[in-house]
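Just below is one structure, and these are the notes that go with it.
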Amino acid sequence: MTQTTVPQVGHLIAGEMSAASDVRDVFDPGRLDEVVARVAVGTADDVDRAVRAAHAAFPAWRDTAPTERVRLLMAAADVIAGSGEELAPQLVREHGGVLWEAQTDFGLGTGVLQHTASLAEEFLRPLQFDDEQSFISVERVPRGVAAAIVPWNMPVVLTVMKLAPALATGNTLVLKPSPFAPAALTLLLQRVAAVLPTGVLNVVHGEGDVGAALTSHPLVRKVGFTGGISTAQKVVQSSSSTIKNLTLELGGNDPAVVLDDADLDATLDRMVKGVYTRTGQICFAVKRIYVPRAQYDRFADAFCERVDQYAVGHGLDPESSFGPLNNEAQYKKVLDLLDRTRNSSAKLVQLGRKVDPAGWDNGYYVLPHVARDVEHTAPVSCEEQFGPVVPLIAYDDEQQVLGWANDSDYGLGSSVWTSDPERGLAFARKIEAGSTFINTHSFESLDPRMPFGGIKQSGIGREFGDAGLSEYVEEHSIRRLK
Ligand code: NAD
């Protein structure tokens with residue numbers, strides 16, 4: 001099937017979408033022979049132009065009254081809300097998700113922008129002390145030009161998680177999208193930029209070299225990054241020469257701990273979607289499931305029965321429960337992990353069905369898998385799968401499972417499943433993670449009032465709410481002696 005209109009996106013610098021001379025094709029991960037966008041190939045010069053545009057726009061945006069900035073950001077939120085229906089299908093053809101997942105990305109992006117903007121005025125009010133000795137004012141001021149670097153899995157909300165606190169507090173922004181999902185996001189940001197003053201929001205495309213040029217640019221004072229740990233290590237290195245502030249949202253290997261009093265049906269209803277939504281390619285997806293040994297077989301059978309209902313196909317096919325993996329590297333990584341699991345003592349079960357068997361090899365499709373009878377130390381349990389496979393691990397007592405849940409270099413999300421709220425809270429408090437959800441672990445678990453981020457190698461800093469706004473300001477302390 002050939003597509004008729006292929007969007008071509010350039011860099012967005014100072015309000016202008018440039019017509020790039022050098023472009024690369026973006027392919028549909030569910031129909032590998034289809035080009036779905038053409039995107040500019042960036043250079044360090046493009047980065048420099050974008051950063052300078054953001055730097056030029058900074059003083060006026062910083063000095064714009066917070067009320068006015070909030071008004072403009074609320075208009076930007078309306079733009080995102082109003083663009084989902086038109087742009088979500090394009091996003092599906094780039095990131096491989098199903099339509100409701102792409103629409104959810106726009107919906108979450110709208111909500112996060114509205115919520116963050118609604119907090120800004122109160123957040124920016126100076127903290128003042130006036131006594132006999134002195135007058136003190138502690139002011140929260142923007143850092144300057146912020147850089148945002150995002151992956152392909154949920155590009156809209158992951159962008160907004162940086163754009164919203166950056167712009168609400170008076171910074172200007174240069175964003176680098178993922179080369180695997182650049183077009184729908186750029187078309188959206190072109191509309192968002194149009195309701196903001198020129199140069200406040202800029203976009204530059206490219207791969208690692210462009211990311212490095214951005215994170216090492218002397219005029220960039222802040223980097224908000226979401227992606228993998230090994231890329232984050234490069235970001236830390238390249239930003240170190242000019243001592244930039246960083247927020248890093250990295251991978252996860254989230255444990256879900258089922259306690260012995262959990263309601264089996266209610267748990268499965270919510271937990272299964274926490275594993276397979278976005279084909280498992282969510283940083284805080286359920287990635288290891290621990291079940292009391294006495295209930296293990298019953299749980300594993302019921303889990304597999306539900307997963308077997310899934311149909312895997314193209315994201316625009318309404319029959320599809322989930323779509324293909326996003327790219328070749330991810331596809332090969334998941335297939336390799338499945339091979340290693342198949343050749344281990346675990347029992348790897350392949351489930352579900354193919355929506356379009358004839359088109360199966362023309363995409364990065366993988367059926368849902370469940371790894372049963374897995375050791376806690378097995379690769380399928382210790383590595384971030386980022387694909388449609390999850391290990392089910394039997395445990396003997398609470399001390400053991402708590403140790404296993406915390407035995408990871410990651411610490412992003414986690415969950416505990418129980419019918420006793422007090423027991424759930426007590427167990428949650430002992431888990432080492434940025435977030436612990438009780439009786440939930442998927443998109444619906446998120447609330448912008450809860451700071452989101454990781455501990456250990458899952459990251460530095462938080463997004464959402466006042467904690468997220470704090471990442472984009474400096475505290476300026478002023479004191480007058482009387
Ligand atoms: P990635 O690290 O490969 O890429 C992320 C972004 O970094 C892309 O835009 C990429 O082009 C850019 N990049 C690559 N090299 C760079 C460099 N040297 N300097 C600066 N930028 C560079 O990650 P990915 O494959 O796109 O996404 C998957 C990873 O992201 C997974 O590990 C996943 O867990 C993580 N993730 C985390 C969160 C979170 O909020 N914690 C959310 C989604 C994904």
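Naming scheme: A, B, ... for chains in displayed order of the structure tokens; residues 1 onward per chain; ligands 1 onward as shown.
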
Contact check, chain A to ligand 1, at most 8 Å, counting only C-alpha atoms and all ligand atoms, closest pairs as CSV:
residue,atom,partner,partner_atom_place_in_ligand_line,distance
A:Ile149,CA,ligand 1,9 (O),5.2
A:Val150,CA,ligand 1,9 (O),4.7
A:Pro151,CA,ligand 1,26 (O),3.6
A:Trp152,CA,ligand 1,26 (O),5.3
A:Asn153,CA,ligand 1,43 (C),6.1
A:Met154,CA,ligand 1,43 (C),6.7
A:Leu158,CA,ligand 1,42 (C),6.9
A:Lys176,CA,ligand 1,9 (O),5.9
A:Pro177,CA,ligand 1,9 (O),5.0
A:Ser178,CA,ligand 1,9 (O),3.5
A:Pro179,CA,ligand 1,11 (O),5.9
A:Phe180,CA,ligand 1,26 (O),7.6
A:Gly206,CA,ligand 1,11 (O),6.5
A:Glu207,CA,ligand 1,11 (O),4.4
A:Gly208,CA,ligand 1,15 (N),3.4
A:Asp209,CA,ligand 1,18 (N),6.0
A:Val210,CA,ligand 1,20 (C),7.0
A:Gly211,CA,ligand 1,20 (C),3.4
A:Ala212,CA,ligand 1,19 (N),4.1
A:Ala213,CA,ligand 1,19 (N),7.7
A:Leu214,CA,ligand 1,20 (C),7.3
A:Thr215,CA,ligand 1,20 (C),6.4
A:Phe225,CA,ligand 1,7 (O),7.2
A:Thr226,CA,ligand 1,37 (C),5.2
A:Gly227,CA,ligand 1,30 (O),3.1
A:Gly228,CA,ligand 1,32 (O),3.6
A:Ile229,CA,ligand 1,32 (O),6.3
A:Ser230,CA,ligand 1,2 (O),6.7
A:Thr231,CA,ligand 1,2 (O),4.5
A:Ala232,CA,ligand 1,2 (O),6.6
A:Lys234,CA,ligand 1,18 (N),5.2
A:Val235,CA,ligand 1,19 (N),5.1
A:Ser238,CA,ligand 1,19 (N),7.6
A:Leu248,CA,ligand 1,41 (N),7.5
A:Glu249,CA,ligand 1,41 (N),3.7
A:Leu250,CA,ligand 1,41 (N),4.0
A:Gly251,CA,ligand 1,34 (O),3.1
A:Gly252,CA,ligand 1,34 (O),5.5
A:Gln281,CA,ligand 1,33 (C),7.2
A:Ile282,CA,ligand 1,43 (C),5.7
A:Cys283,CA,ligand 1,34 (O),3.7
A:Phe284,CA,ligand 1,41 (N),7.0
A:Gln330,CA,ligand 1,25 (O),7.6
A:Glu384,CA,ligand 1,34 (O),7.4
A:Phe386,CA,ligand 1,31 (C),7.0
A:Leu412,CA,ligand 1,41 (N),6.9
A:Phe452,CA,ligand 1,40 (O),7.7
A:Gly453,CA,ligand 1,41 (N),6.2
A:Gly454,CA,ligand 1,41 (N),6.8
A:Ser458,CA,ligand 1,41 (N),6.6
A:Gly459,CA,ligand 1,41 (N),7.1

Gln8 of chain A environment, 12 Å, only C-alpha atoms, sequence neighbours closer than 5 positions dropped, as a list in words: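 These residues fall inside the cut-off: Met17, Ser18, Ala19, Ala20, Ser21, Asp22, Val23, Arg24, Asp25, Val26, Val35, Val36, Ala37, Arg38, Val39, Ala40, Val41, Pro182, Ala183, Ala184, Thr186 and Leu187 of chain A.
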
Picked from segment 102-291 of chain A by DSSP as alpha helix (DSSP H), as a VMD selection string: chain A and resid 102 to 124 155 to 168 183 to 194 208 to 215 229 to 240 264 to 276

So which residues touch Thr247 of chain A within 6 Å, counting only C-alpha atoms, skipping near sequence neighbours fewer than 4 positions away, as a PDB file with C-alpha atoms, in the first residue's frame?
ATOM      1  CA  GLY A 224      15.643  17.748  30.186  1.00  0.00           C
ATOM      2  CA  ILE A 460      17.855  12.309  38.327  1.00  0.00           C
ATOM      3  CA  GLY A 461      15.121  14.828  39.142  1.00  0.00           C
TER       4      GLY A 461
END

For atom CA of Arg93 of chain A and atom CA of Lys162 of chain A, the interatomic separation in Å (one decimal):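 Going from atom CA of Arg93 of chain A over to atom CA of Lys162 of chain A covers 24.1 Å.
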
Near-segment 86-90 of chain A list (9 Å; only C-alpha atoms; drop same-chain fewer than 3 positions) as JSON, numbers by chain: {"A": [36, 37, 82, 83, 93, 94, 95, 98, 99, 100, 101, 102, 103, 105, 106, 183, 184, 185, 187, 188, 315, 316]}

Residue with smallest distance to Ala117 of chain A - pool A:Ala53, A:Ala147, A:Ala168, A:Val138, counting only C-alpha atoms: A:Ala168
